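Step one of this worksheet: look at the structure below.
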Amino acid sequence: MNEITVEIHHHGVWHRAAQYRRDRYLTYDVDYAVDFMDENHPMARVGLGFDINFEEHSRGGWPAFFFDLIPAGAARAAWLRRHEQIDRDDAETDWTLLCFAARCPPGNIRIASAVESFEMVAHPGFSRQEIVERNIDFIDYAEAHGAIVAGASSVQGQAPKFLLVEDLNGSWHAEGALPDEKIKKHWLVKFPRGRSEADRLVLRNEAPYYEVARDFGLKVGAPLRYEENALFIERFDRTIQDGKVVRYGLESASSLCGWNRYGPGLSNDQICHAMQRLLDSPQEDVLEFLRRDLLNLALGNVDNHGRNTAYLKTPQTTAIAPLFDFAPMFLDPEGIPRAARWKAEKPLTMPDWRAVAESISSAQLTVDEVIACLRRDIPNIEALPENMQRHDVETVIVDRLLRRIADLVRSLKDV
């Protein structure tokens with residue numbers, strides 16, 4: 001295939017919205033542009049940087065939002081294994097995944113060829129207990145018992161995680177295996193990244209970490225539910241209204257910045273600058289992002305790359321999405337380095353916060369306002385050990401973070 005069609009869900013239906021000619025350019029469908037060009041709503045665009053018009057959109061490579069649609073990490077490996085393909089970690093493999101695996105990724109965008117190659121088959125589904133008991137092998141187990149699993153692995157990240165839906169009777173299916181009218185709730189179910197005790201320790205403490213962040217005053221979704229090495233996460237990019245599924249738009253910080261590849265490379269400064277250009281309330285969201293990174297530093301969430309921050313596009317507004325993939329990743333056995341830093345930050349040191357404030361200030365957000373935000377959080381950061389204990393973060397983690405928290409407080413008091 002040398003051309004694909006991008007479909008977007010809004011106003012209650014799927015629309016054939018745009019075409020992309022491989023390695024050349026993206027254009028909106030003429031009829032689609034006529035219908036929605038005046039509205040030009042973020043939920044109707046392929047990306048926040050792609051206004052709806054009749055122009056050819058060229059970005060010197062693949063549009064960055066494609067990399068939000070392609071399964072990555074554990075999901076990538078699972079999809080290729082099921083289809084008996086070798087991962088060559090090249091553009092050809094990425095193109096195959098885009099064409100045939102991007103059927104129901106998070107957000108409201110999909111690739112038409114991935115949908116056309118799929119046939120829905122009725123299946124009674126599985127119980128929550130079966131998911132817990134089978135753990136990382138659940139999707140293989142479901143497939144062996146005749147269930148459709150293609151949509152379950154349309155998600156990114158190294159930890160095994162599956163997109164599942166709960167039906168009206170409480171049975172569980174892979175996303176895309178049920179018609180919308182039979183869905184009660186959408187979930188992401190996550191399992192340990194590996195088989196070590198450290199991997200299990202990270203997963204066990206992700207739900208308490210979210211509650212620590214909630215007390216800190218950050219934007220956090222529904223509480224996570226942990227059960228025997230399975231973490232159940234209610235999705236914030238889906239909701240049910242009047243018996244119909246509403247799919248909100250979801251775009252990563254990497255896509256917002258035009259980062260059309262995987263892996264680290266973006267700075268936190270670049271992410272803030274893109275937010276200031278493209279979001280509805282950039283002052284509020286930049287400060288939210290800044291405060292999230294204070295917690296990343298304090299609590300050792302080093303896996304803070306640009307696809308672990310996203311923006312939610314709803315009919316009301318476009319804003320930074322609730323926190324996700326927030327965990328004590330400093331414990332990971334593979335020794336993950338901090339993925340995204342500030343320009344005024346060297347490895348193994350705290351950032352120069354005044355330089356950070358100067359970098360991310362704008363006409364709407366002054367240096368003094370950024371510094372005032374940082375200073376206000378000093379008592380909140382000092383209270384983190386007590387806050388973690390209150391939310392049952394395991395003692396071994398709290399003890400290992402005490403020095404990191406103290407270092408962060410000192411750096412902020414120097415501003």
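Labels for the structure tokens follow display order: chains A, B, ..., residues from 1 in each chain, ligands from 1.
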
Surrounding residues of range 305-309 of chain A excluding itself and chain neighbours under 6 positions, 7 Å, only C-alpha atoms, as a list of chain:residue names: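 The neighbour list is A:Ser252, A:Ala253, A:Ser254, A:Pro264, A:Leu266, A:Phe324, A:Asp325, A:Ala339, A:Ala340.
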
Within 7 Å of Ala327 in chain A using only C-alpha atoms, minus same-chain residues under 2 positions, as a CSV table (one decimal) with N, CA and C atoms, in the first residue's frame:
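So selection_31.csv came out as:
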chain,number,residue,atom,x,y,z
A,202,VAL,N,7.1,-1.8,41.1
A,202,VAL,CA,6.7,-0.6,40.3
A,202,VAL,C,5.2,-0.6,40.1
A,205,ASN,N,2.8,0.0,43.1
A,205,ASN,CA,2.8,1.4,43.6
A,205,ASN,C,2.3,2.5,42.6
A,206,GLU,N,1.9,2.1,41.5
A,206,GLU,CA,1.4,3.1,40.5
A,206,GLU,C,0.1,3.7,41.0
A,209,TYR,N,0.8,6.1,43.7
A,209,TYR,CA,1.4,7.3,43.1
A,209,TYR,C,0.4,8.3,42.6
A,301,ASN,N,9.9,9.3,38.7
A,301,ASN,CA,9.3,8.8,37.5
A,301,ASN,C,10.2,9.3,36.3
A,325,ASP,N,0.8,6.9,33.1
A,325,ASP,CA,2.1,6.3,33.2
A,325,ASP,C,3.0,7.0,34.2
A,329,MET,N,9.5,4.6,38.3
A,329,MET,CA,10.3,3.9,37.3
A,329,MET,C,11.8,4.0,37.6

Expected answer as a PyMOL selection string: helix (DSSP H, G or I) residues in range 234-361 of chain A: chain A and resi 253-256+268-278+282-299+306-308+329-331+353-360

Kindly export the residues of the current selection with C-alpha atoms, as a PDB file, in the first residue's frame.
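Here's the written file again-v9.pdb:
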ATOM      1  CA  ALA A 253       3.322  15.960  23.330  1.00  0.00           C
ATOM      2  CA  SER A 254       5.675  14.374  20.789  1.00  0.00           C
ATOM      3  CA  SER A 255       3.063  14.812  18.065  1.00  0.00           C
ATOM      4  CA  LEU A 256       2.329  18.369  19.169  1.00  0.00           C
ATOM      5  CA  ASN A 268      10.610  19.889  28.335  1.00  0.00           C
ATOM      6  CA  ASP A 269      11.123  23.433  27.065  1.00  0.00           C
ATOM      7  CA  GLN A 270      10.091  22.418  23.534  1.00  0.00           C
ATOM      8  CA  ILE A 271       6.949  20.773  24.896  1.00  0.00           C
ATOM      9  CA  CYS A 272       6.004  23.928  26.806  1.00  0.00           C
ATOM     10  CA  HIS A 273       6.577  26.130  23.761  1.00  0.00           C
ATOM     11  CA  ALA A 274       4.320  23.917  21.632  1.00  0.00           C
ATOM     12  CA  MET A 275       1.625  24.041  24.321  1.00  0.00           C
ATOM     13  CA  GLN A 276       1.766  27.839  24.317  1.00  0.00           C
ATOM     14  CA  ARG A 277       1.142  27.876  20.559  1.00  0.00           C
ATOM     15  CA  LEU A 278      -1.642  25.327  20.307  1.00  0.00           C
ATOM     16  CA  PRO A 282      -1.544  27.506  27.797  1.00  0.00           C
ATOM     17  CA  GLN A 283      -0.721  29.323  31.036  1.00  0.00           C
ATOM     18  CA  GLU A 284      -2.679  26.833  33.117  1.00  0.00           C
ATOM     19  CA  ASP A 285      -1.421  23.796  31.219  1.00  0.00           C
ATOM     20  CA  VAL A 286       2.237  24.849  31.169  1.00  0.00           C
ATOM     21  CA  LEU A 287       2.154  25.255  34.953  1.00  0.00           C
ATOM     22  CA  GLU A 288       0.439  21.865  35.277  1.00  0.00           C
ATOM     23  CA  PHE A 289       3.209  20.333  33.157  1.00  0.00           C
ATOM     24  CA  LEU A 290       5.881  22.083  35.222  1.00  0.00           C
ATOM     25  CA  ARG A 291       4.350  20.818  38.491  1.00  0.00           C
ATOM     26  CA  ARG A 292       4.120  17.288  37.080  1.00  0.00           C
ATOM     27  CA  ASP A 293       7.821  17.416  36.407  1.00  0.00           C
ATOM     28  CA  LEU A 294       8.491  18.470  39.990  1.00  0.00           C
ATOM     29  CA  LEU A 295       6.825  15.202  40.998  1.00  0.00           C
ATOM     30  CA  ASN A 296       8.699  13.288  38.300  1.00  0.00           C
ATOM     31  CA  LEU A 297      11.931  14.478  39.897  1.00  0.00           C
ATOM     32  CA  ALA A 298      10.810  14.004  43.486  1.00  0.00           C
ATOM     33  CA  LEU A 299       9.253  10.550  43.033  1.00  0.00           C
ATOM     34  CA  GLY A 306       6.954  13.026  25.117  1.00  0.00           C
ATOM     35  CA  ARG A 307       4.456  10.228  24.489  1.00  0.00           C
ATOM     36  CA  ASN A 308       3.739   9.961  28.214  1.00  0.00           C
ATOM     37  CA  MET A 329      10.254   3.949  37.299  1.00  0.00           C
ATOM     38  CA  PHE A 330      13.630   4.669  38.954  1.00  0.00           C
ATOM     39  CA  LEU A 331      13.295   1.114  40.321  1.00  0.00           C
ATOM     40  CA  TRP A 353      14.803  26.701  37.944  1.00  0.00           C
ATOM     41  CA  ARG A 354      15.283  30.389  37.202  1.00  0.00           C
ATOM     42  CA  ALA A 355      16.607  29.488  33.752  1.00  0.00           C
ATOM     43  CA  VAL A 356      13.628  27.170  33.299  1.00  0.00           C
ATOM     44  CA  ALA A 357      11.261  30.011  34.212  1.00  0.00           C
ATOM     45  CA  GLU A 358      12.944  32.326  31.714  1.00  0.00           C
ATOM     46  CA  SER A 359      12.762  29.676  28.987  1.00  0.00           C
ATOM     47  CA  ILE A 360       9.050  28.896  29.327  1.00  0.00           C
TER      48      ILE A 360
END

Nearest-residue call for Ala18 in chain A, choices A:Asn108, A:Asn2, A:Asn53, A:Ser117, using only C-alpha atoms: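 When distances to Ala18 in chain A are compared using only C-alpha atoms, the smallest one comes from A:Asn53.
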
Nearest-residue call for Glu175 in chain A, choices A:Arg238, A:Leu250, A:Pro328, A:Arg22, using only C-alpha atoms: A:Arg238

Pairwise distance for CA of Ala91 in chain A and CA of Gly60 in chain A, rounded to one decimal in Å: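 Interatomic distance, CA of Ala91 in chain A to CA of Gly60 in chain A: 14.5 Å.
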
Selection near Asp89 in chain A, 12 Å with only C-alpha atoms, sequence-local residues under 3 positions removed, as a VMD selection string: chain A and resid 72 to 73 76 to 77 80 85 to 86 92 to 97 261 to 262

Write the residues of the preceding selection, restricted to N, CA and C atoms, as an mmCIF file, in the first residue's frame.
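Dumped to result.cif:
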data_model
loop_
_atom_site.group_PDB
_atom_site.id
_atom_site.type_symbol
_atom_site.label_atom_id
_atom_site.label_comp_id
_atom_site.auth_asym_id
_atom_site.auth_seq_id
_atom_site.Cartn_x
_atom_site.Cartn_y
_atom_site.Cartn_z
ATOM 1 N N ALA A 72 3.448 0.270 19.939
ATOM 2 C CA ALA A 72 4.876 0.289 20.258
ATOM 3 C C ALA A 72 5.145 -0.615 21.445
ATOM 4 N N GLY A 73 6.423 -0.890 21.683
ATOM 5 C CA GLY A 73 6.812 -1.672 22.852
ATOM 6 C C GLY A 73 6.206 -3.057 22.849
ATOM 7 N N ARG A 76 3.549 -3.733 20.153
ATOM 8 C CA ARG A 76 4.147 -3.943 18.829
ATOM 9 C C ARG A 76 4.608 -5.385 18.680
ATOM 10 N N ALA A 77 5.340 -5.869 19.682
ATOM 11 C CA ALA A 77 5.842 -7.243 19.643
ATOM 12 C C ALA A 77 4.696 -8.250 19.585
ATOM 13 N N LEU A 80 2.996 -8.235 15.984
ATOM 14 C CA LEU A 80 3.844 -8.864 14.970
ATOM 15 C C LEU A 80 3.958 -10.369 15.203
ATOM 16 N N GLN A 85 5.248 -12.067 11.870
ATOM 17 C CA GLN A 85 6.147 -11.149 11.187
ATOM 18 C C GLN A 85 7.324 -10.808 12.085
ATOM 19 N N ILE A 86 8.440 -10.511 11.464
ATOM 20 C CA ILE A 86 9.662 -10.165 12.184
ATOM 21 C C ILE A 86 9.736 -8.653 12.344
ATOM 22 N N GLU A 92 9.670 0.100 7.162
ATOM 23 C CA GLU A 92 8.774 -0.849 6.514
ATOM 24 C C GLU A 92 7.867 -1.528 7.548
ATOM 25 N N THR A 93 8.442 -1.918 8.675
ATOM 26 C CA THR A 93 7.636 -2.512 9.744
ATOM 27 C C THR A 93 6.655 -1.491 10.306
ATOM 28 N N ASP A 94 7.118 -0.258 10.502
ATOM 29 C CA ASP A 94 6.227 0.795 10.998
ATOM 30 C C ASP A 94 5.053 1.010 10.043
ATOM 31 N N TRP A 95 5.331 0.985 8.754
ATOM 32 C CA TRP A 95 4.272 1.199 7.764
ATOM 33 C C TRP A 95 3.252 0.054 7.802
ATOM 34 N N THR A 96 3.729 -1.159 7.934
ATOM 35 C CA THR A 96 2.825 -2.309 8.036
ATOM 36 C C THR A 96 1.915 -2.172 9.255
ATOM 37 N N LEU A 97 2.498 -1.789 10.377
ATOM 38 C CA LEU A 97 1.713 -1.615 11.596
ATOM 39 C C LEU A 97 0.710 -0.477 11.453
ATOM 40 N N ARG A 261 9.214 10.390 15.236
ATOM 41 C CA ARG A 261 10.058 9.207 15.486
ATOM 42 C C ARG A 261 9.767 8.742 16.914
ATOM 43 N N TYR A 262 10.339 7.601 17.268
ATOM 44 C CA TYR A 262 10.228 7.117 18.638
ATOM 45 C C TYR A 262 11.454 7.541 19.429
#

Close residues, Ala198 in chain A itself excluded, 10 Å, only C-alpha atoms, min 3 positions apart in chain, as a PyMOL selection string: chain A and resi 192-195+201-204+329+331-333

Expected file: the selected residues, C-alpha atoms, as a PDB file, in the first residue's frame:
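Heads up, here's the output in result30.pdb:
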ATOM      1  CA  PRO A 192       4.419  -5.757  35.176  1.00  0.00           C
ATOM      2  CA  ARG A 193       7.049  -4.672  32.667  1.00  0.00           C
ATOM      3  CA  GLY A 194       9.101  -7.796  33.452  1.00  0.00           C
ATOM      4  CA  ARG A 195       9.034 -10.803  35.753  1.00  0.00           C
ATOM      5  CA  LEU A 201       6.994  -3.339  42.983  1.00  0.00           C
ATOM      6  CA  VAL A 202       6.711  -0.605  40.329  1.00  0.00           C
ATOM      7  CA  LEU A 203       3.248  -1.756  39.237  1.00  0.00           C
ATOM      8  CA  ARG A 204       1.931  -2.200  42.804  1.00  0.00           C
ATOM      9  CA  MET A 329      10.254   3.949  37.299  1.00  0.00           C
ATOM     10  CA  LEU A 331      13.295   1.114  40.321  1.00  0.00           C
ATOM     11  CA  ASP A 332      13.125  -0.463  36.869  1.00  0.00           C
ATOM     12  CA  PRO A 333      15.790  -3.210  36.568  1.00  0.00           C
TER      13      PRO A 333
END

Give me the residues within 10 Å of Arg128 in chain A as a short mmCIF file (atom, residue, chain, number, x, y, z; two decimals) with C-alpha atoms, in the first residue's frame, counting only C-alpha atoms and dropping any in the same chain fewer than 5 places off.
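Final output, around20.cif:
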data_model
loop_
_atom_site.label_atom_id
_atom_site.label_comp_id
_atom_site.auth_asym_id
_atom_site.auth_seq_id
_atom_site.Cartn_x
_atom_site.Cartn_y
_atom_site.Cartn_z
CA GLU A 133 -5.17 -15.12 36.55
CA GLU A 166 -16.52 -4.26 29.67
CA GLY A 170 -19.80 -7.48 33.04
CA SER A 171 -17.81 -9.64 30.61
CA TRP A 172 -14.55 -8.40 29.11
CA PHE A 232 -7.12 -1.68 35.91
#

Contacts of Trp62 in chain A within 8 Å, only C-alpha atoms, excl. fewer than 5 positions in-chain, as a VMD selection string: chain A and resid 22 to 24 260

Save out the residues we just selected, C-alpha atoms, as a compact mmCIF listing (two decimals), in the first residue's frame.
# COMPACT_ATOMS: atom_id res chain seq x y z
CA ARG A 22 3.57 7.40 1.55
CA ASP A 23 6.58 9.58 2.24
CA ARG A 24 4.99 12.55 0.48
CA ASN A 260 8.05 12.05 13.98

All strand (DSSP E) positions in range 142-200 of chain A, as a list in words: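 Those residues are Lys161, Phe162, Leu163, Leu164, Val165, Glu166, Asp167, Trp172, His173, Ala174, Ile183, Lys184, Lys185, His186, Trp187, Leu188, Val189 and Lys190 of chain A.
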
Close residues, Asp237 in chain A itself excluded, 12 Å, only C-alpha atoms, min 4 positions apart in chain, as a ChimeraX atom specification: /A:43,104-109,163,185-188,221,233,245-251,310-314,321-322,324

Kindly export the residues of the current selection with C-alpha atoms, as a PDB file, in the first residue's frame.
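In the end it all went to out_35.pdb:
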ATOM      1  CA  MET A  43     -11.476  16.984  17.473  1.00  0.00           C
ATOM      2  CA  CYS A 104      -8.633   1.337  17.443  1.00  0.00           C
ATOM      3  CA  PRO A 105      -5.780   3.179  19.162  1.00  0.00           C
ATOM      4  CA  PRO A 106      -6.452   5.660  21.957  1.00  0.00           C
ATOM      5  CA  GLY A 107      -8.088   8.862  20.787  1.00  0.00           C
ATOM      6  CA  ASN A 108     -10.509   9.351  17.910  1.00  0.00           C
ATOM      7  CA  ILE A 109      -8.339   8.535  14.881  1.00  0.00           C
ATOM      8  CA  LEU A 163      -7.199  -2.020  25.696  1.00  0.00           C
ATOM      9  CA  LYS A 185     -16.939   0.967  30.067  1.00  0.00           C
ATOM     10  CA  HIS A 186     -13.491   1.230  28.467  1.00  0.00           C
ATOM     11  CA  TRP A 187     -10.366   0.094  30.311  1.00  0.00           C
ATOM     12  CA  LEU A 188      -6.620  -0.146  29.966  1.00  0.00           C
ATOM     13  CA  GLY A 221      -8.437  10.692  36.388  1.00  0.00           C
ATOM     14  CA  ILE A 233      -7.257   1.879  34.574  1.00  0.00           C
ATOM     15  CA  VAL A 245     -19.499   5.828  22.733  1.00  0.00           C
ATOM     16  CA  VAL A 246     -17.893   9.268  22.572  1.00  0.00           C
ATOM     17  CA  ARG A 247     -14.269   9.139  21.445  1.00  0.00           C
ATOM     18  CA  TYR A 248     -12.296  12.191  22.468  1.00  0.00           C
ATOM     19  CA  GLY A 249      -9.214  13.235  20.562  1.00  0.00           C
ATOM     20  CA  LEU A 250      -5.880  12.403  22.178  1.00  0.00           C
ATOM     21  CA  GLU A 251      -2.550  13.689  20.904  1.00  0.00           C
ATOM     22  CA  ALA A 310      -0.912  13.977  25.992  1.00  0.00           C
ATOM     23  CA  TYR A 311      -3.627  16.506  25.232  1.00  0.00           C
ATOM     24  CA  LEU A 312      -7.326  15.736  25.338  1.00  0.00           C
ATOM     25  CA  LYS A 313      -9.499  17.232  22.606  1.00  0.00           C
ATOM     26  CA  THR A 314     -13.174  17.451  23.612  1.00  0.00           C
ATOM     27  CA  ALA A 321      -4.900  15.236  29.574  1.00  0.00           C
ATOM     28  CA  PRO A 322      -5.051  13.656  33.019  1.00  0.00           C
ATOM     29  CA  PHE A 324      -0.860   8.689  33.062  1.00  0.00           C
TER      30      PHE A 324
END
